[in-house]
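Next up, target12.pdb (PDB, C-alpha atoms and all ligand atoms):
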ATOM      1  CA  MET A   1      18.772  13.707   8.785
ATOM      2  CA  LYS A   2      17.310  10.390   9.932
ATOM      3  CA  LEU A   3      16.435   7.578   7.571
ATOM      4  CA  ILE A   4      13.010   6.071   8.135
ATOM      5  CA  ASP A   5      14.057   2.451   7.881
ATOM      6  CA  GLY A   6      11.009   0.815   6.333
ATOM      7  CA  LYS A   7      12.747  -2.534   6.158
ATOM      8  CA  SER A   8      13.440  -2.638   9.864
ATOM      9  CA  ILE A   9       9.983  -1.340  10.899
ATOM     10  CA  ALA A  10       8.382  -3.857   8.524
ATOM     11  CA  ALA A  11      10.499  -6.650  10.053
ATOM     12  CA  THR A  12       9.282  -5.688  13.553
ATOM     13  CA  VAL A  13       5.616  -5.690  12.512
ATOM     14  CA  LYS A  14       6.160  -8.961  10.643
ATOM     15  CA  SER A  15       7.528 -10.630  13.764
ATOM     16  CA  GLU A  16       4.462  -9.408  15.707
ATOM     17  CA  ILE A  17       2.207 -10.951  13.047
ATOM     18  CA  ALA A  18       4.202 -14.209  13.074
ATOM     19  CA  LYS A  19       3.676 -14.428  16.862
ATOM     20  CA  GLU A  20      -0.088 -14.024  16.431
ATOM     21  CA  VAL A  21      -0.126 -16.712  13.755
ATOM     22  CA  ALA A  22       1.784 -19.054  16.060
ATOM     23  CA  ASN A  23      -0.828 -18.363  18.781
ATOM     24  CA  MET A  24      -3.630 -19.135  16.331
ATOM     25  CA  MET A  25      -2.014 -22.447  15.460
ATOM     26  CA  ASP A  26      -1.577 -23.267  19.163
ATOM     27  CA  THR A  27      -5.307 -22.816  19.678
ATOM     28  CA  ASP A  28      -6.204 -25.039  16.720
ATOM     29  CA  GLN A  29      -7.157 -22.213  14.392
ATOM     30  CA  LYS A  30      -5.942 -22.373  10.850
ATOM     31  CA  ALA A  31      -3.269 -20.085   9.460
ATOM     32  CA  PRO A  32      -4.508 -17.019   7.551
ATOM     33  CA  HIS A  33      -4.698 -17.609   3.813
ATOM     34  CA  LEU A  34      -4.005 -14.833   1.279
ATOM     35  CA  ALA A  35      -4.650 -15.380  -2.416
ATOM     36  CA  ALA A  36      -3.473 -13.175  -5.276
ATOM     37  CA  VAL A  37      -4.901 -13.050  -8.769
ATOM     38  CA  LEU A  38      -2.419 -12.127 -11.456
ATOM     39  CA  VAL A  39      -3.666 -11.553 -14.998
ATOM     40  CA  GLY A  40      -1.061 -11.414 -17.766
ATOM     41  CA  ASN A  41       2.728 -11.101 -17.608
ATOM     42  CA  ASP A  42       3.466  -7.559 -16.420
ATOM     43  CA  PRO A  43       7.007  -7.933 -14.937
ATOM     44  CA  ALA A  44       6.438  -5.376 -12.138
ATOM     45  CA  SER A  45       3.194  -7.119 -11.108
ATOM     46  CA  GLU A  46       4.930 -10.509 -11.142
ATOM     47  CA  THR A  47       7.647  -9.113  -8.863
ATOM     48  CA  TYR A  48       5.083  -7.601  -6.436
ATOM     49  CA  VAL A  49       3.073 -10.812  -6.244
ATOM     50  CA  ALA A  50       6.237 -12.863  -5.662
ATOM     51  CA  SER A  51       7.217 -10.492  -2.790
ATOM     52  CA  LYS A  52       3.774 -10.861  -1.246
ATOM     53  CA  GLU A  53       4.043 -14.641  -1.449
ATOM     54  CA  ARG A  54       7.481 -14.563   0.194
ATOM     55  CA  ALA A  55       6.182 -12.318   2.997
ATOM     56  CA  CYS A  56       3.264 -14.708   3.601
ATOM     57  CA  LYS A  57       5.670 -17.616   4.045
ATOM     58  CA  GLU A  58       7.801 -15.607   6.481
ATOM     59  CA  VAL A  59       4.897 -15.029   8.888
ATOM     60  CA  GLY A  60       3.343 -18.484   8.540
ATOM     61  CA  PHE A  61       0.399 -17.579   6.283
ATOM     62  CA  ILE A  62      -0.842 -19.849   3.534
ATOM     63  CA  SER A  63      -0.626 -18.159   0.141
ATOM     64  CA  SER A  64      -1.831 -19.048  -3.302
ATOM     65  CA  ILE A  65      -1.523 -17.405  -6.682
ATOM     66  CA  TYR A  66      -4.151 -17.593  -9.411
ATOM     67  CA  LYS A  67      -2.204 -16.887 -12.572
ATOM     68  CA  LEU A  68      -4.430 -16.163 -15.555
ATOM     69  CA  SER A  69      -3.463 -15.471 -19.155
ATOM     70  CA  GLU A  70      -3.370 -11.968 -20.654
ATOM     71  CA  LYS A  71      -6.279 -13.058 -22.844
ATOM     72  CA  THR A  72      -8.570 -13.881 -19.901
ATOM     73  CA  THR A  73     -11.990 -12.334 -20.488
ATOM     74  CA  GLU A  74     -13.795 -10.149 -17.957
ATOM     75  CA  LYS A  75     -16.368 -12.915 -17.580
ATOM     76  CA  GLU A  76     -13.700 -15.511 -16.798
ATOM     77  CA  LEU A  77     -12.065 -13.227 -14.254
ATOM     78  CA  LEU A  78     -15.458 -12.611 -12.613
ATOM     79  CA  LYS A  79     -15.832 -16.405 -12.318
ATOM     80  CA  THR A  80     -12.500 -16.595 -10.481
ATOM     81  CA  ILE A  81     -13.651 -13.781  -8.182
ATOM     82  CA  GLU A  82     -16.872 -15.655  -7.463
ATOM     83  CA  PHE A  83     -14.870 -18.767  -6.638
ATOM     84  CA  LEU A  84     -12.589 -16.838  -4.262
ATOM     85  CA  ASN A  85     -15.563 -15.121  -2.592
ATOM     86  CA  ASN A  86     -17.113 -18.519  -1.855
ATOM     87  CA  ASP A  87     -14.012 -20.520  -0.963
ATOM     88  CA  GLU A  88     -13.987 -20.785   2.828
ATOM     89  CA  GLU A  89     -10.303 -21.699   2.826
ATOM     90  CA  ILE A  90      -9.348 -18.229   1.587
ATOM     91  CA  ASP A  91      -9.539 -15.394   4.135
ATOM     92  CA  GLY A  92      -8.553 -12.519   1.873
ATOM     93  CA  TYR A  93      -7.390 -11.916  -1.648
ATOM     94  CA  ILE A  94      -6.143  -9.257  -4.008
ATOM     95  CA  VAL A  95      -6.463  -8.788  -7.745
ATOM     96  CA  GLN A  96      -3.133  -7.337  -8.815
ATOM     97  CA  LEU A  97      -3.488  -4.097 -10.799
ATOM     98  CA  PRO A  98      -3.162  -2.936 -13.509
ATOM     99  CA  LEU A  99      -5.455  -5.333 -15.368
ATOM    100  CA  PRO A 100      -5.296  -5.743 -19.158
ATOM    101  CA  LYS A 101      -7.115  -2.931 -20.974
ATOM    102  CA  HIS A 102     -10.041  -5.071 -22.150
ATOM    103  CA  ILE A 103     -11.114  -5.648 -18.525
ATOM    104  CA  ASP A 104     -13.134  -3.041 -16.609
ATOM    105  CA  THR A 105     -11.141  -2.672 -13.374
ATOM    106  CA  ASN A 106     -14.024  -1.104 -11.439
ATOM    107  CA  LYS A 107     -16.335  -3.964 -12.376
ATOM    108  CA  ILE A 108     -13.799  -6.411 -10.947
ATOM    109  CA  ILE A 109     -13.256  -4.397  -7.749
ATOM    110  CA  PHE A 110     -17.040  -4.166  -7.210
ATOM    111  CA  ALA A 111     -17.293  -7.961  -7.457
ATOM    112  CA  ILE A 112     -14.833  -8.628  -4.617
ATOM    113  CA  ASP A 113     -16.499  -9.582  -1.321
ATOM    114  CA  PRO A 114     -15.725  -6.560   0.934
ATOM    115  CA  LYS A 115     -14.990  -8.975   3.813
ATOM    116  CA  LYS A 116     -12.154 -10.489   1.760
ATOM    117  CA  ASP A 117     -11.008  -7.227   0.143
ATOM    118  CA  VAL A 118      -7.629  -6.962   1.884
ATOM    119  CA  ASP A 119      -6.531  -4.298  -0.628
ATOM    120  CA  GLY A 120      -9.293  -2.033   0.716
ATOM    121  CA  PHE A 121     -10.296  -1.060  -2.825
ATOM    122  CA  HIS A 122     -14.005  -1.996  -2.749
ATOM    123  CA  PRO A 123     -16.266   1.108  -2.454
ATOM    124  CA  GLN A 124     -17.712  -0.301   0.760
ATOM    125  CA  ASN A 125     -14.250  -0.304   2.358
ATOM    126  CA  VAL A 126     -13.387   3.095   0.850
ATOM    127  CA  GLY A 127     -16.650   4.560   2.198
ATOM    128  CA  ARG A 128     -16.086   3.029   5.611
ATOM    129  CA  MET A 129     -12.545   4.423   5.652
ATOM    130  CA  VAL A 130     -13.856   7.924   4.880
ATOM    131  CA  MET A 131     -16.429   7.579   7.683
ATOM    132  CA  ASP A 132     -13.762   6.253  10.095
ATOM    133  CA  MET A 133     -15.596   2.948  10.524
ATOM    134  CA  PRO A 134     -13.951  -0.484  10.835
ATOM    135  CA  CYS A 135     -12.651  -1.497   7.385
ATOM    136  CA  PHE A 136      -9.655  -2.703   5.449
ATOM    137  CA  LEU A 137      -7.331   0.243   4.815
ATOM    138  CA  PRO A 138      -5.399   0.278   1.532
ATOM    139  CA  ALA A 139      -1.905  -1.047   2.169
ATOM    140  CA  THR A 140       0.344   1.819   1.076
ATOM    141  CA  PRO A 141      -1.472   4.594   3.006
ATOM    142  CA  ALA A 142      -1.783   2.336   6.058
ATOM    143  CA  GLY A 143       1.933   1.559   5.778
ATOM    144  CA  ILE A 144       2.790   5.262   5.615
ATOM    145  CA  MET A 145       0.764   5.939   8.786
ATOM    146  CA  THR A 146       2.585   3.072  10.536
ATOM    147  CA  LEU A 147       5.990   4.390   9.424
ATOM    148  CA  LEU A 148       5.173   7.854  10.794
ATOM    149  CA  GLU A 149       3.829   6.488  14.073
ATOM    150  CA  ARG A 150       6.629   4.007  14.691
ATOM    151  CA  SER A 151       9.258   6.643  13.837
ATOM    152  CA  GLY A 152       7.789   8.915  16.506
ATOM    153  CA  ILE A 153       6.794  11.603  14.007
ATOM    154  CA  GLU A 154       4.112  13.926  15.317
ATOM    155  CA  THR A 155       1.375  14.656  12.753
ATOM    156  CA  GLU A 156      -1.051  16.632  14.942
ATOM    157  CA  GLY A 157      -1.456  20.192  13.653
ATOM    158  CA  LYS A 158       1.261  19.663  11.043
ATOM    159  CA  ASN A 159       1.003  20.908   7.462
ATOM    160  CA  CYS A 160       0.909  17.758   5.360
ATOM    161  CA  VAL A 161       1.230  18.081   1.599
ATOM    162  CA  VAL A 162       0.335  15.061  -0.522
ATOM    163  CA  LEU A 163       1.517  14.995  -4.140
ATOM    164  CA  GLY A 164      -0.763  12.803  -6.268
ATOM    165  CA  ARG A 165      -4.472  11.992  -5.973
ATOM    166  CA  SER A 166      -4.600   8.308  -6.980
ATOM    167  CA  ASN A 167      -7.271   6.050  -5.497
ATOM    168  CA  ILE A 168      -4.573   3.727  -4.185
ATOM    169  CA  VAL A 169      -2.268   6.207  -2.421
ATOM    170  CA  GLY A 170      -2.775   9.994  -2.618
ATOM    171  CA  THR A 171      -6.493  10.263  -1.901
ATOM    172  CA  PRO A 172      -6.616   7.718   0.959
ATOM    173  CA  VAL A 173      -3.428   8.965   2.661
ATOM    174  CA  ALA A 174      -4.873  12.506   2.587
ATOM    175  CA  ILE A 175      -7.985  11.175   4.331
ATOM    176  CA  LEU A 176      -6.014   9.226   6.948
ATOM    177  CA  LEU A 177      -3.714  12.140   7.771
ATOM    178  CA  SER A 178      -6.639  14.498   8.283
ATOM    179  CA  ARG A 179      -8.578  12.163  10.602
ATOM    180  CA  ASN A 180      -9.679  13.281  14.031
ATOM    181  CA  SER A 181      -7.225  11.082  15.880
ATOM    182  CA  LYS A 182      -4.091  11.585  17.956
ATOM    183  CA  LYS A 183      -2.216   9.596  15.298
ATOM    184  CA  ALA A 184      -3.353  12.003  12.552
ATOM    185  CA  ASN A 185      -4.964  15.448  12.999
ATOM    186  CA  GLY A 186      -2.859  16.864  10.179
ATOM    187  CA  THR A 187      -3.808  19.857   8.041
ATOM    188  CA  VAL A 188      -3.737  18.344   4.587
ATOM    189  CA  THR A 189      -3.282  19.817   1.103
ATOM    190  CA  LEU A 190      -3.739  17.385  -1.781
ATOM    191  CA  CYS A 191      -1.836  18.469  -4.901
ATOM    192  CA  HIS A 192      -2.224  17.119  -8.443
ATOM    193  CA  SER A 193      -1.446  17.847 -12.080
ATOM    194  CA  ARG A 194      -3.610  21.006 -12.142
ATOM    195  CA  THR A 195      -2.286  22.490  -8.894
ATOM    196  CA  LYS A 196      -0.934  26.009  -9.245
ATOM    197  CA  ASN A 197       2.132  27.170  -7.314
ATOM    198  CA  LEU A 198       3.117  23.604  -6.497
ATOM    199  CA  LYS A 199       6.593  24.542  -5.308
ATOM    200  CA  GLU A 200       5.240  27.182  -2.895
ATOM    201  CA  ILE A 201       2.730  24.717  -1.460
ATOM    202  CA  CYS A 202       5.420  22.037  -1.043
ATOM    203  CA  LEU A 203       7.549  24.580   0.836
ATOM    204  CA  THR A 204       4.787  24.870   3.470
ATOM    205  CA  ALA A 205       4.946  21.130   4.210
ATOM    206  CA  ASP A 206       6.093  19.853   7.581
ATOM    207  CA  ILE A 207       5.318  16.412   6.144
ATOM    208  CA  LEU A 208       5.591  15.888   2.386
ATOM    209  CA  ILE A 209       4.199  12.700   0.824
ATOM    210  CA  ALA A 210       5.406  12.210  -2.759
ATOM    211  CA  ALA A 211       3.103   9.848  -4.658
ATOM    212  CA  ILE A 212       3.141  11.537  -8.033
ATOM    213  CA  GLY A 213       4.663   8.744 -10.130
ATOM    214  CA  LYS A 214       7.472  10.845 -11.639
ATOM    215  CA  ALA A 215      11.100   9.900 -11.073
ATOM    216  CA  GLU A 216      13.031  12.364  -8.858
ATOM    217  CA  PHE A 217      10.310  14.996  -9.220
ATOM    218  CA  VAL A 218      10.778  16.527  -5.754
ATOM    219  CA  THR A 219      13.961  18.582  -5.591
ATOM    220  CA  ALA A 220      15.623  20.320  -2.629
ATOM    221  CA  ASP A 221      14.233  23.759  -3.581
ATOM    222  CA  MET A 222      10.700  22.357  -3.012
ATOM    223  CA  VAL A 223      11.377  21.142   0.530
ATOM    224  CA  LYS A 224      11.277  23.149   3.755
ATOM    225  CA  ASP A 225      14.234  22.803   6.124
ATOM    226  CA  GLN A 226      13.688  19.937   8.578
ATOM    227  CA  ALA A 227      10.587  18.592   6.807
ATOM    228  CA  VAL A 228       9.649  14.893   6.929
ATOM    229  CA  VAL A 229       9.658  13.388   3.434
ATOM    230  CA  ILE A 230       7.855  10.157   2.531
ATOM    231  CA  ASP A 231       8.696   8.843  -0.938
ATOM    232  CA  VAL A 232       6.124   6.472  -2.437
ATOM    233  CA  GLY A 233       7.636   6.347  -5.944
ATOM    234  CA  ILE A 234       9.601   3.487  -7.417
ATOM    235  CA  HIS A 235      11.211   3.857 -10.835
ATOM    236  CA  ARG A 236      13.943   2.105 -12.744
ATOM    237  CA  ILE A 237      16.191   4.601 -14.551
ATOM    238  CA  SER A 238      19.145   3.846 -16.834
ATOM    239  CA  ASP A 239      22.642   4.651 -15.611
ATOM    240  CA  ASN A 240      26.266   3.627 -16.281
ATOM    241  CA  SER A 241      26.398   0.983 -13.549
ATOM    242  CA  GLU A 242      27.034  -2.697 -14.212
ATOM    243  CA  LYS A 243      23.312  -3.410 -13.961
ATOM    244  CA  GLY A 244      22.582  -0.588 -16.370
ATOM    245  CA  TYR A 245      19.904   0.911 -14.150
ATOM    246  CA  LYS A 246      19.165   2.178 -10.664
ATOM    247  CA  ILE A 247      15.993   2.362  -8.586
ATOM    248  CA  VAL A 248      14.861   5.846  -7.586
ATOM    249  CA  GLY A 249      11.757   7.331  -6.033
ATOM    250  CA  ASP A 250       9.651  10.445  -6.673
ATOM    251  CA  VAL A 251      12.200  12.411  -4.622
ATOM    252  CA  LYS A 252      15.736  13.444  -5.593
ATOM    253  CA  PHE A 253      17.191  11.699  -2.567
ATOM    254  CA  ASP A 254      20.788  12.999  -2.634
ATOM    255  CA  GLU A 255      19.831  16.656  -2.400
ATOM    256  CA  VAL A 256      16.570  16.421  -0.435
ATOM    257  CA  SER A 257      18.068  14.168   2.265
ATOM    258  CA  LYS A 258      20.534  16.955   3.153
ATOM    259  CA  LYS A 259      17.656  19.296   4.000
ATOM    260  CA  CYS A 260      15.003  17.241   5.739
ATOM    261  CA  SER A 261      14.715  15.841   9.251
ATOM    262  CA  HIS A 262      13.483  12.373   8.161
ATOM    263  CA  ILE A 263      13.208  10.647   4.793
ATOM    264  CA  THR A 264      12.237   7.210   3.486
ATOM    265  CA  PRO A 265      14.814   5.624   1.166
ATOM    266  CA  VAL A 266      13.881   3.953  -2.127
ATOM    267  CA  PRO A 267      14.101   1.019  -2.063
ATOM    268  CA  GLY A 268      13.675   0.048   1.608
ATOM    269  CA  GLY A 269      11.197   2.704   2.753
ATOM    270  CA  VAL A 270       7.492   2.616   1.967
ATOM    271  CA  GLY A 271       7.662  -0.591  -0.137
ATOM    272  CA  PRO A 272       8.412  -3.141   2.608
ATOM    273  CA  MET A 273       5.802  -1.587   4.921
ATOM    274  CA  THR A 274       3.145  -1.746   2.189
ATOM    275  CA  ILE A 275       3.487  -5.517   1.979
ATOM    276  CA  VAL A 276       3.319  -5.853   5.747
ATOM    277  CA  SER A 277       0.120  -3.769   5.848
ATOM    278  CA  LEU A 278      -1.385  -6.286   3.441
ATOM    279  CA  LEU A 279      -0.376  -9.043   5.872
ATOM    280  CA  GLU A 280      -2.026  -7.102   8.731
ATOM    281  CA  ASN A 281      -5.230  -6.871   6.687
ATOM    282  CA  THR A 282      -5.108 -10.593   5.926
ATOM    283  CA  LEU A 283      -4.699 -11.435   9.612
ATOM    284  CA  LYS A 284      -7.720  -9.236  10.353
ATOM    285  CA  ALA A 285      -9.700 -10.930   7.547
ATOM    286  CA  ALA A 286      -8.823 -14.346   8.974
ATOM    287  CA  LYS A 287     -10.057 -13.291  12.412
ATOM    288  CA  ILE A 288     -13.308 -12.040  10.891
ATOM    289  CA  GLN A 289     -13.824 -15.213   8.812
ATOM    290  CA  GLN A 290     -12.997 -17.411  11.764
ATOM    291  CA  LYS A 291     -15.255 -15.265  13.968
ATOM    292  CA  SER A 292     -12.649 -15.035  16.694
ATOM    293  CA  GLU A 293     -12.850 -11.245  16.539
ATOM    294  CA  LEU A 294     -15.457  -8.871  15.253
TER
HETATM  295  N1  LIG B 301      -0.788  -2.419  -8.073
HETATM  296  C1  LIG B 301       0.008  -1.468  -7.500
HETATM  297  N2  LIG B 301      -0.231  -1.388  -6.173
HETATM  298  C2  LIG B 301      -1.188  -2.315  -5.907
HETATM  299  C3  LIG B 301      -1.833  -2.714  -4.703
HETATM  300  O1  LIG B 301      -1.603  -2.191  -3.604
HETATM  301  N3  LIG B 301      -2.757  -3.698  -4.839
HETATM  302  C4  LIG B 301      -3.056  -4.273  -6.039
HETATM  303  N4  LIG B 301      -4.000  -5.229  -6.080
HETATM  304  N5  LIG B 301      -2.466  -3.926  -7.170
HETATM  305  C5  LIG B 301      -1.536  -2.955  -7.095
END
What would the structure in this file look like if it were written as structure tokens?
Ligand code: GUN
Amino acid sequence: MKLIDGKSIAATVKSEIAKEVANMMDTDQKAPHLAAVLVGNDPASETYVASKERACKEVGFISSIYKLSEKTTEKELLKTIEFLNNDEEIDGYIVQLPLPKHIDTNKIIFAIDPKKDVDGFHPQNVGRMVMDMPCFLPATPAGIMTLLERSGIETEGKNCVVLGRSNIVGTPVAILLSRNSKKANGTVTLCHSRTKNLKEICLTADILIAAIGKAEFVTADMVKDQAVVIDVGIHRISDNSEKGYKIVGDVKFDEVSKKCSHITPVPGGVGPMTIVSLLENTLKAAKIQQKSEL
């Protein structure tokens, strides 16, 4: 079994981005600027936004955080979005999800300028992704494709089973894997809560993507010998350690890792690459805004 070392692949891509930023600075262009909007005090969201800010610093991007109170109204948030759409200093931005319940998430996503939508969540970017046109790809699916490619994993003609049909991960990764491209060309089955015979379908997978949001859901009896397993989950579960908890994924790592050919660890697999994909999108947004590439 080989570990797909997301941390190390992410570090390589990050150094490539940092080089490009240095080149931009040498030619009197400004550094890419990523902004993040954080509404409320969700601890997981605060951690994600802090990681994104740290990653920006590491590659020489400018980053800013717009921290708004839990009580922010939809109208106030739309005003912030309008400001970010019009601010020429900002190349791309994200609105961290989930938003408080009183805010209509789709209304917010629709308001984001697609040219600055580095999360790739705006319907214009989603539609362009489906049609295989230039767009911003959502970060986690793009990161998964990079992990597969840079680990030398062949996807062409392979049975790929995706567990979970979320807009952020399952649905887009199913689309990317099935694309008519040397880097994809997979035969994809998208499974969800109403799928029948889930275990049997998982056992057909040469590549299994677990994005179901349930801790240690995928067990060894669901995995074919020598399959490639990509674990998108991240969960904190209580244990008897000093910390009182451990981080696990959607896959029961100890038993599945004995059976598969490649697997992503949690943490240190998909997570680090997701953040780097966001950096890649921001670099692309900066090039578009600064008209050096279109
Ligand atoms: N919440 C969980 N994942 C994401 C993501 O990729 N982008 C945003 N904006 N919010 C998230």
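Picked by the PyMOL selection byres (((not hetatm)) within 7 of (chain B and resi 301)) from the coordinates shown: Ser45, Ile94, Val95, Gln96, Leu97, Pro98, Asp119, Pro138, Ala139, Thr140 and Ile168 of chain A.
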Check which residues satisfy the PyMOL selection byres (((chain A and resi 183) around 12) and not hetatm) in the file shown, then give them as JSON, numbers by chain. {"A": [142, 144, 145, 146, 147, 148, 149, 150, 151, 152, 153, 154, 155, 156, 157, 158, 176, 177, 178, 179, 180, 181, 182, 184, 185, 186]}
Residues matched by the PyMOL selection byres (((chain A and resi 14) around 10) and not hetatm) as an mmCIF file with C-alpha atoms, in the coordinates of the input:
data_model
loop_
_atom_site.group_PDB
_atom_site.id
_atom_site.type_symbol
_atom_site.label_atom_id
_atom_site.label_comp_id
_atom_site.auth_asym_id
_atom_site.auth_seq_id
_atom_site.Cartn_x
_atom_site.Cartn_y
_atom_site.Cartn_z
ATOM 1 C CA SER A 8 13.440 -2.638 9.864
ATOM 2 C CA ILE A 9 9.983 -1.340 10.899
ATOM 3 C CA ALA A 10 8.382 -3.857 8.524
ATOM 4 C CA ALA A 11 10.499 -6.650 10.053
ATOM 5 C CA THR A 12 9.282 -5.688 13.553
ATOM 6 C CA VAL A 13 5.616 -5.690 12.512
ATOM 7 C CA SER A 15 7.528 -10.630 13.764
ATOM 8 C CA GLU A 16 4.462 -9.408 15.707
ATOM 9 C CA ILE A 17 2.207 -10.951 13.047
ATOM 10 C CA ALA A 18 4.202 -14.209 13.074
ATOM 11 C CA LYS A 19 3.676 -14.428 16.862
ATOM 12 C CA GLU A 20 -0.088 -14.024 16.431
ATOM 13 C CA ALA A 55 6.182 -12.318 2.997
ATOM 14 C CA CYS A 56 3.264 -14.708 3.601
ATOM 15 C CA GLU A 58 7.801 -15.607 6.481
ATOM 16 C CA VAL A 59 4.897 -15.029 8.888
ATOM 17 C CA MET A 273 5.802 -1.587 4.921
ATOM 18 C CA ILE A 275 3.487 -5.517 1.979
ATOM 19 C CA VAL A 276 3.319 -5.853 5.747
ATOM 20 C CA SER A 277 0.120 -3.769 5.848
ATOM 21 C CA LEU A 279 -0.376 -9.043 5.872
ATOM 22 C CA GLU A 280 -2.026 -7.102 8.731
#
Tell me, as an NGL selection string, which residues lie within 10 Å of Glu200 (chain A), counting only C-alpha atoms; anything in the same chain fewer than 3 positions away does not count. :A and (196-197 or 203-205 or 221-224)
Output file for the selection above: C-alpha atoms, as a CSV table (one decimal), in the coordinates of the input:
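Output (again_34.csv):
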chain,number,residue,atom,x,y,z
A,196,LYS,CA,-0.9,26.0,-9.2
A,197,ASN,CA,2.1,27.2,-7.3
A,203,LEU,CA,7.5,24.6,0.8
A,204,THR,CA,4.8,24.9,3.5
A,205,ALA,CA,4.9,21.1,4.2
A,221,ASP,CA,14.2,23.8,-3.6
A,222,MET,CA,10.7,22.4,-3.0
A,223,VAL,CA,11.4,21.1,0.5
A,224,LYS,CA,11.3,23.1,3.8
Would you give the centre and edge lengths, in Å to one decimal, of a box along x, y and z around the listed atoms of region 259-274 of chain A, with 4 Å added to each side, as lines of an AutoDock Vina configuration file?
center_x = 10.4
center_y = 8.1
center_z = 3.6
size_x = 22.5
size_y = 30.4
size_z = 19.4
Using the atoms already present, construct N, CA and C atoms for region 70-81 of chain A and hand them back as an mmCIF file, keeping the file's coordinate frame.
data_model
loop_
_atom_site.group_PDB
_atom_site.id
_atom_site.type_symbol
_atom_site.label_atom_id
_atom_site.label_comp_id
_atom_site.auth_asym_id
_atom_site.auth_seq_id
_atom_site.Cartn_x
_atom_site.Cartn_y
_atom_site.Cartn_z
ATOM 1 N N GLU A 70 -3.094 -13.335 -20.201
ATOM 2 C CA GLU A 70 -3.370 -11.968 -20.654
ATOM 3 C C GLU A 70 -4.716 -11.900 -21.392
ATOM 4 N N LYS A 71 -5.072 -13.033 -22.007
ATOM 5 C CA LYS A 71 -6.279 -13.058 -22.844
ATOM 6 C C LYS A 71 -7.544 -13.379 -22.039
ATOM 7 N N THR A 72 -7.407 -13.586 -20.751
ATOM 8 C CA THR A 72 -8.570 -13.881 -19.901
ATOM 9 C C THR A 72 -9.671 -12.839 -20.127
ATOM 10 N N THR A 73 -10.901 -13.303 -20.278
ATOM 11 C CA THR A 73 -11.990 -12.334 -20.488
ATOM 12 C C THR A 73 -12.476 -11.825 -19.127
ATOM 13 N N GLU A 74 -13.217 -10.727 -19.184
ATOM 14 C CA GLU A 74 -13.795 -10.149 -17.957
ATOM 15 C C GLU A 74 -14.692 -11.194 -17.270
ATOM 16 N N LYS A 75 -15.445 -11.911 -18.108
ATOM 17 C CA LYS A 75 -16.368 -12.915 -17.580
ATOM 18 C C LYS A 75 -15.615 -14.031 -16.843
ATOM 19 N N GLU A 76 -14.500 -14.448 -17.440
ATOM 20 C CA GLU A 76 -13.700 -15.511 -16.798
ATOM 21 C C GLU A 76 -13.106 -15.012 -15.481
ATOM 22 N N LEU A 77 -12.645 -13.774 -15.492
ATOM 23 C CA LEU A 77 -12.065 -13.227 -14.254
ATOM 24 C C LEU A 77 -13.155 -13.111 -13.183
ATOM 25 N N LEU A 78 -14.350 -12.712 -13.587
ATOM 26 C CA LEU A 78 -15.458 -12.611 -12.613
ATOM 27 C C LEU A 78 -15.785 -13.979 -12.021
ATOM 28 N N LYS A 79 -15.612 -15.035 -12.822
ATOM 29 C CA LYS A 79 -15.832 -16.405 -12.318
ATOM 30 C C LYS A 79 -14.808 -16.750 -11.235
ATOM 31 N N THR A 80 -13.554 -16.342 -11.481
ATOM 32 C CA THR A 80 -12.500 -16.595 -10.481
ATOM 33 C C THR A 80 -12.830 -15.842 -9.195
ATOM 34 N N ILE A 81 -13.294 -14.601 -9.350
ATOM 35 C CA ILE A 81 -13.651 -13.781 -8.182
ATOM 36 C C ILE A 81 -14.782 -14.475 -7.396
#
